[in-house]
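So this block is structure_16.cif, mmCIF, C-alpha atoms:
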```cif
data_entry
loop_
_atom_site.label_atom_id
_atom_site.label_comp_id
_atom_site.auth_asym_id
_atom_site.auth_seq_id
_atom_site.Cartn_x
_atom_site.Cartn_y
_atom_site.Cartn_z
CA MET A 1 -71.33 209.68 116.69
CA ASN A 2 -75.05 210.15 116.82
CA PHE A 3 -76.09 213.29 114.94
CA ASP A 4 -78.18 214.49 117.87
CA LYS A 5 -75.24 214.31 120.29
CA TYR A 6 -73.17 217.07 118.73
CA ASN A 7 -73.19 220.47 120.34
CA TRP A 8 -74.86 222.27 117.45
CA HIS A 9 -75.97 225.26 119.50
CA ASP A 10 -74.61 228.52 118.05
CA THR A 11 -72.56 226.76 115.39
CA ILE A 12 -72.37 229.27 112.55
CA VAL A 13 -73.56 228.29 109.08
CA ARG A 14 -71.21 230.00 106.62
CA SER A 15 -72.53 228.56 103.38
CA ILE A 16 -74.79 225.95 101.88
CA ASN A 17 -73.89 224.04 98.73
CA ILE A 18 -75.99 221.66 96.67
CA ASP A 19 -73.84 219.27 94.66
CA ARG A 20 -75.60 217.54 91.80
CA SER A 21 -72.49 216.80 89.78
CA THR A 22 -73.35 213.11 89.90
CA HIS A 23 -77.04 213.69 89.21
CA GLY A 24 -79.14 211.35 91.27
CA ILE A 25 -76.29 208.95 91.84
CA ASN A 26 -75.19 210.76 94.96
CA ASP A 27 -76.81 214.14 95.43
CA GLU A 28 -75.22 215.98 98.32
CA ILE A 29 -75.98 219.04 100.38
CA SER A 30 -73.08 220.51 102.30
CA PHE A 31 -72.93 223.11 105.02
CA GLU A 32 -69.71 224.89 105.82
CA ILE A 33 -69.98 225.37 109.54
CA GLU A 34 -67.92 227.06 112.22
CA TRP A 35 -68.04 225.47 115.65
CA THR A 36 -68.13 227.76 118.64
CA ASP A 37 -64.40 227.14 119.21
CA GLY A 38 -63.69 228.60 115.77
CA GLU A 39 -62.94 225.31 114.02
CA ILE A 40 -64.41 225.12 110.54
CA CYS A 41 -65.64 221.93 108.93
CA LEU A 42 -68.01 220.61 106.32
CA LEU A 43 -71.28 218.95 107.27
CA LYS A 44 -72.16 216.87 104.25
CA PHE A 45 -75.45 215.04 103.76
CA LYS A 46 -74.99 212.11 101.44
CA ASN A 47 -77.35 210.44 99.03
CA VAL A 48 -80.01 213.09 99.48
CA TYR A 49 -83.53 212.21 98.28
CA TRP A 50 -85.49 215.26 99.36
CA SER A 51 -85.03 218.63 100.98
CA SER A 52 -87.05 221.61 102.02
CA MET A 53 -85.40 224.91 102.83
CA THR A 54 -87.23 227.90 104.18
CA LEU A 55 -84.42 230.41 104.22
CA ASN A 56 -84.89 233.94 105.45
CA PHE A 57 -82.48 236.67 104.45
CA GLY A 58 -82.07 240.36 105.11
CA ILE A 59 -80.94 239.72 108.66
CA ILE A 60 -77.60 241.17 109.72
CA ALA A 61 -76.20 238.77 112.31
CA GLU A 62 -74.14 235.62 112.41
CA ASP A 63 -76.57 232.93 111.38
CA SER A 64 -76.07 230.04 113.71
CA ILE A 65 -77.83 226.83 114.55
CA LEU A 66 -80.55 226.86 117.15
CA ASP A 67 -81.32 223.17 116.86
CA ALA A 68 -80.22 220.24 114.73
CA LYS A 69 -81.54 216.73 115.09
CA ILE A 70 -82.90 213.66 113.37
CA LEU A 71 -86.67 213.63 113.36
CA ASP A 72 -88.57 210.48 114.11
CA LYS A 73 -90.04 208.20 111.47
CA ASN A 74 -93.51 209.64 111.98
CA ASP A 75 -92.54 213.04 110.62
CA ALA A 76 -95.16 214.14 108.09
CA ASP A 77 -92.62 215.03 105.40
CA LEU A 78 -90.92 211.66 105.72
CA GLN A 79 -94.26 209.88 105.56
CA ASN A 80 -95.26 211.89 102.52
CA PHE A 81 -91.93 211.14 100.88
CA HIS A 82 -92.42 207.40 101.27
CA SER A 83 -95.96 207.61 99.98
CA LYS A 84 -94.70 209.36 96.82
CA TRP A 85 -92.29 206.53 96.13
CA LYS A 86 -95.02 203.95 96.76
CA GLY A 87 -92.66 201.28 98.00
CA LEU A 88 -90.34 201.54 95.00
CA LEU A 89 -87.27 202.18 97.10
CA ASP A 90 -85.06 199.29 98.14
CA ASP A 91 -85.99 197.85 101.47
CA ASP A 92 -82.42 198.07 102.66
CA LEU A 93 -82.21 201.80 101.91
CA SER A 94 -82.26 203.46 105.32
CA LEU A 95 -83.20 207.12 105.12
CA ASN A 96 -83.28 209.66 107.90
CA ILE A 97 -84.90 213.04 108.00
CA PHE A 98 -82.58 215.70 109.37
CA TYR A 99 -83.82 218.98 110.80
CA ILE A 100 -81.81 222.17 111.15
CA GLU A 101 -83.25 225.40 112.56
CA LEU A 102 -81.21 228.57 112.50
CA ASN A 103 -81.18 231.18 115.20
CA THR A 104 -81.57 234.75 114.05
CA SER A 105 -82.97 234.14 110.59
CA GLY A 106 -85.41 231.52 111.83
CA SER A 107 -84.61 229.49 108.72
CA ILE A 108 -85.69 225.86 108.71
CA ILE A 109 -84.05 223.13 106.66
CA LYS A 110 -85.19 219.55 106.37
CA ILE A 111 -83.23 216.92 104.49
CA ILE A 112 -84.04 213.30 103.77
CA ALA A 113 -80.75 211.53 103.18
CA GLU A 114 -79.02 208.25 103.74
CA GLY A 115 -76.45 209.76 106.07
CA TYR A 116 -74.08 212.54 106.87
CA GLU A 117 -70.38 213.12 107.28
CA LEU A 118 -68.37 215.76 109.12
CA ILE A 119 -65.18 216.65 107.31
CA ASN A 120 -62.48 218.72 108.98
CA TYR A 121 -60.61 221.21 106.84
CA MET B 1 -93.78 239.02 121.66
CA GLY B 2 -92.66 238.85 125.23
CA THR B 3 -94.73 238.93 128.32
CA ALA B 4 -94.52 241.33 131.21
CA ILE B 5 -96.06 240.55 134.53
CA THR B 6 -96.97 243.05 137.11
CA LEU B 7 -96.61 242.05 140.72
CA GLY B 8 -100.28 241.61 141.15
CA SER B 9 -103.35 240.21 139.58
CA GLN B 10 -103.21 242.35 136.44
CA ALA B 11 -100.36 240.81 134.51
CA VAL B 12 -99.91 242.20 131.02
CA ASN B 13 -98.25 241.05 127.84
CA VAL B 14 -95.94 243.42 126.07
CA ASP B 15 -98.57 243.90 123.39
CA GLY B 16 -100.82 245.32 126.06
CA THR B 17 -103.22 242.43 126.44
CA TYR B 18 -103.82 240.98 129.85
CA ALA B 19 -101.82 237.85 130.46
CA SER B 20 -103.56 234.52 130.53
CA ALA B 21 -102.79 231.83 133.07
CA VAL B 22 -100.49 230.31 130.46
CA ASP B 23 -98.59 233.58 130.12
CA LYS B 24 -98.24 233.77 133.86
CA GLY B 25 -97.06 230.21 133.99
CA PHE B 26 -94.44 231.04 131.42
CA ALA B 27 -93.39 233.96 133.48
CA LEU B 28 -93.13 231.80 136.56
CA GLY B 29 -90.87 229.37 134.69
CA GLY B 30 -88.83 232.19 133.27
CA ALA B 31 -88.22 233.68 136.66
CA LEU B 32 -86.25 230.59 137.56
CA LEU B 33 -83.66 231.40 134.93
CA PRO B 34 -80.36 233.10 135.72
CA PHE B 35 -81.09 236.58 134.40
CA VAL B 36 -82.63 237.26 137.78
CA SER B 37 -80.56 237.03 140.95
CA GLY B 38 -81.33 234.43 143.59
CA SER B 39 -82.71 236.85 146.15
CA ALA B 40 -84.74 238.60 143.53
CA VAL B 41 -86.17 235.30 142.40
CA LYS B 42 -87.17 234.41 145.93
CA GLY B 43 -89.08 237.62 146.37
CA ILE B 44 -90.43 237.56 142.89
CA LEU B 45 -91.69 234.01 143.12
CA GLY B 46 -93.67 234.89 146.19
CA LYS B 47 -95.26 237.77 144.40
CA ILE B 48 -95.88 235.75 141.27
CA GLY B 49 -97.41 233.05 143.42
CA LYS B 50 -99.80 235.58 144.79
CA ALA B 51 -100.57 236.82 141.32
CA LEU B 52 -101.36 233.29 140.25
CA GLY B 53 -103.40 232.58 143.29
CA ILE B 54 -100.91 230.00 144.56
CA ILE B 55 -100.23 232.22 147.55
CA GLY B 56 -103.06 234.19 149.01
CA ASP B 57 -103.41 237.89 149.73
CA ALA B 58 -102.08 239.11 146.43
CA GLY B 59 -103.39 242.59 147.02
CA LYS B 60 -100.88 243.51 149.71
CA ALA B 61 -97.92 242.60 147.57
CA THR B 62 -99.03 244.37 144.49
CA LYS B 63 -98.12 247.56 142.86
CA VAL B 64 -100.39 247.18 139.95
CA VAL B 65 -100.14 249.11 136.76
CA ASP B 66 -103.66 250.29 136.37
CA LYS B 67 -105.16 249.81 132.92
CA ALA B 68 -101.76 249.59 131.28
CA ASN B 69 -102.25 248.99 127.60
CA THR B 70 -98.67 248.78 126.44
CA LEU B 71 -95.35 248.19 128.09
CA ASN B 72 -94.30 251.65 126.95
CA LYS B 73 -96.94 253.18 129.15
CA ILE B 74 -95.63 251.45 132.22
CA THR B 75 -93.36 254.01 133.80
CA ASP B 76 -93.70 254.47 137.53
CA ALA B 77 -94.03 250.79 138.17
CA SER B 78 -91.22 249.77 135.82
CA GLN B 79 -88.94 248.76 138.67
CA GLU B 80 -91.60 246.35 139.86
CA ILE B 81 -91.98 244.54 136.59
CA ILE B 82 -90.25 241.52 135.19
CA ALA B 83 -90.46 241.15 131.44
CA VAL B 84 -90.48 237.59 130.19
CA THR B 85 -89.83 236.58 126.60
CA LYS B 86 -92.20 234.36 124.70
CA ASP B 87 -89.70 231.56 125.25
CA GLY B 88 -89.97 231.97 129.01
CA VAL B 89 -86.73 233.78 129.79
CA ALA B 90 -87.13 236.33 132.58
CA LEU B 91 -85.27 239.58 132.08
CA PRO B 92 -83.65 241.44 134.97
CA LYS B 93 -86.14 243.15 137.21
CA GLY B 94 -87.16 246.48 135.77
CA TYR B 95 -85.45 245.91 132.44
CA LYS B 96 -87.42 246.37 129.29
CA ILE B 97 -86.49 246.14 125.66
CA PRO B 98 -85.40 249.63 124.50
CA ASP B 99 -88.06 251.48 122.57
CA ASN B 100 -85.79 251.99 119.57
CA LEU B 101 -85.48 248.24 118.96
CA VAL B 102 -87.95 246.26 116.90
CA GLU B 103 -88.62 242.56 117.09
CA ASN B 104 -87.09 240.25 114.50
CA PRO B 105 -89.83 239.15 112.08
CA TYR B 106 -88.46 235.61 112.07
CA ARG B 107 -87.28 234.97 115.63
CA SER B 108 -88.91 235.72 118.95
CA GLY B 109 -86.54 237.11 121.55
CA SER B 110 -84.45 238.82 118.89
CA TYR B 111 -84.48 242.61 118.71
CA GLY B 112 -82.66 245.04 116.48
CA GLU B 113 -82.76 248.08 114.30
CA MET B 114 -83.80 248.51 110.71
CA LYS B 115 -80.96 249.86 108.61
CA ASP B 116 -81.10 250.28 104.82
CA GLY B 117 -83.93 247.80 104.59
CA LYS B 118 -82.18 245.14 106.64
CA PHE B 119 -82.79 243.94 110.17
CA MET B 120 -79.63 244.45 112.23
CA GLU B 121 -79.75 242.32 115.34
CA LYS B 122 -78.74 244.09 118.55
CA LEU B 123 -80.02 241.66 121.15
CA ARG B 124 -81.06 238.03 121.07
CA ILE B 125 -82.26 236.35 124.21
CA ASP B 126 -81.86 232.57 124.14
CA GLN B 127 -83.49 230.13 126.45
CA ALA B 128 -81.53 227.32 128.02
CA THR B 129 -80.96 224.20 125.96
CA SER B 130 -83.45 221.51 126.79
CA LEU B 131 -82.25 218.57 128.83
CA GLY B 132 -80.76 215.78 126.78
CA LYS B 133 -79.37 218.17 124.17
CA LYS B 134 -75.86 219.53 124.20
CA GLY B 135 -75.64 223.24 124.69
CA PRO B 136 -75.88 225.87 127.40
CA TYR B 137 -78.26 224.85 130.15
CA THR B 138 -78.78 228.43 131.24
CA SER B 139 -80.51 231.26 129.47
CA HIS B 140 -78.24 233.90 128.02
CA TYR B 141 -78.18 236.67 125.47
CA HIS B 142 -76.19 237.69 122.42
CA LEU B 143 -75.26 241.24 121.48
CA ASP B 144 -74.87 242.77 118.02
CA GLY B 145 -75.46 239.54 116.13
CA LYS B 146 -72.41 237.85 117.60
CA GLY B 147 -72.05 234.35 118.96
CA LYS B 148 -70.67 235.28 122.38
CA HIS B 149 -72.89 234.34 125.29
CA ASP B 150 -73.55 236.97 127.92
CA THR B 151 -75.49 236.95 131.15
CA ASP B 152 -74.36 240.25 132.71
CA PRO B 153 -77.51 242.38 133.02
CA ASP B 154 -75.44 245.58 132.99
CA LYS B 155 -74.44 244.95 129.39
CA LEU B 156 -77.98 244.79 128.10
CA PRO B 157 -78.78 247.63 125.67
CA LYS B 158 -80.49 250.54 127.35
#
```

Starting from the coordinates I provided, produce the structure as structure tokens.
Amino acid sequence: MNFDKYNWHDTIVRSINIDRSTHGINDEISFEIEWTDGEICLLKFKNVYWSSMTLNFGIIAEDSILDAKILDKNDADLQNFHSKWKGLLDDDLSLNIFYIELNTSGSIIKIIAEGYELINY
Amino acid sequence: MGTAITLGSQAVNVDGTYASAVDKGFALGGALLPFVSGSAVKGILGKIGKALGIIGDAGKATKVVDKANTLNKITDASQEIIAVTKDGVALPKGYKIPDNLVENPYRSGSYGEMKDGKFMEKLRIDQATSLGKKGPYTSHYHLDGKGKHDTDPDKLPK
């Protein structure tokens, strides 16, 4: 299913985990999320190449998703990423830039990764 | 910071500045959202139209808050005012954010109390999800940092 088609609105982010146990081979960033119906699952970004997280704390409220989507190929961070690698990446490596904005904390997360997976507990 | 419009030509923002045409446009859009009842919207739109110059003779329909510098100073005319959040959500007629709540430093439309150095959310007003995205297509609010959607104006913090 297309990432943008999920009903991300008000899905609670319970935790964020960065897994570098296979350093560089398959760096992953996982979000434990709780859908609005109470179901909990893991949103895992696979083969991560870059991320930016502006996380705000000190806010007492369930921190949920305001918006989550894949940004277009003209995104400045994605363009800058490709310019850093100067064409060294394999042509068949398809990377997307994912965007997650949280509600009450106003936190903004951007991830450049090959893909994502939703894993039910 | 939200926007409040008077029912005349002197619309004001909640920070006390006079509203620009953009602010008024936001307010007009916000008035279409479900926090305001249908009949109220009908009357309100007419008055907003006059305020914007879309409908003539604004003076007769106005009860203008003269030289109001802050929303807190608007008292007598409070029942004639619709507050509109920065995101364009119109609040129920006459409702204003309680004075004891402060705005979230990171999120517009979110208000709460400071407690032990933390911001404790009491009210968050969300706009409708944009078309093409899954989510609620009506504006709503959340109380006490919880995920439950509410639209009942009587439950808003006083």

Quick one: pull the distance between atom CA of Leu42 of chain A and atom CA of Gly58 of chain A, Å, one decimal.
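Distance reported for this atom pair: 24.3 Å.
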
How would you write, as a ChimeraX atom specification, the residues chosen by the PyMOL selection byres ((chain B) within 10 of (chain A)) on this structure?
/B:104-122,124,126,129,132-136,143-149

Let me know the residues the PyMOL selection byres ((chain A and resi 17) around 10) catches in the file above, as a list of chain:residue names.
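Matching residues under the PyMOL selection byres ((chain A and resi 17) around 10) are A:Ser15, A:Ile16, A:Ile18, A:Asp19, A:Arg20, A:Glu28, A:Ile29, A:Ser30, A:Phe31, A:Glu32, A:Lys44.
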
Give me, please, the distance in Å between atom CA of Met53 of chain A and atom CA of Trp85 of chain A, quoted to one decimal.
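Separation between atom CA of Met53 of chain A and atom CA of Trp85 of chain A: 20.7 Å.
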
Nearest to Ile108 of chain A: which of A:Asn80, A:Met1, A:Asp75, A:Leu55 is it, counting all atoms listed in the file?
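Checking each candidate against Ile108 of chain A, we get A:Leu55 as the closest.
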
Anything within 9 Å of (-76.7, 208.3, 101.7): list those residues as a PyMOL selection string, counting all atoms listed in the file and sticking to the file's coordinates.
chain A and resi 26-28+45-49+93-95+113-116

Report, in Å with one decimal, the straight-line distance from atom CA of Ser52 of chain A to atom CA of Gly38 of chain A.
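Taking atom CA of Ser52 of chain A as the start and atom CA of Gly38 of chain A as the end point, the length is 28.0 Å.
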
As number ranges by chain, please: the residues near Cys41 of chain A (cut-off 7 Å, all atoms listed in the file, same-chain neighbours under 5 positions excluded).
A: 32-34, 118-121

Skip Asp152 of chain B itself and residues of its chain fewer than 2 positions away, then list as a PyMOL selection string all residues within 10 Å of it, counting only C-alpha atoms.
chain B and resi 34-35+92+140-141+149-150+154-156

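Using all atoms listed in the file, the nearest neighbour of Lys84 of chain A within the list A:Trp50, A:Gly24, A:Ile70, A:Ile40 is A:Trp50.
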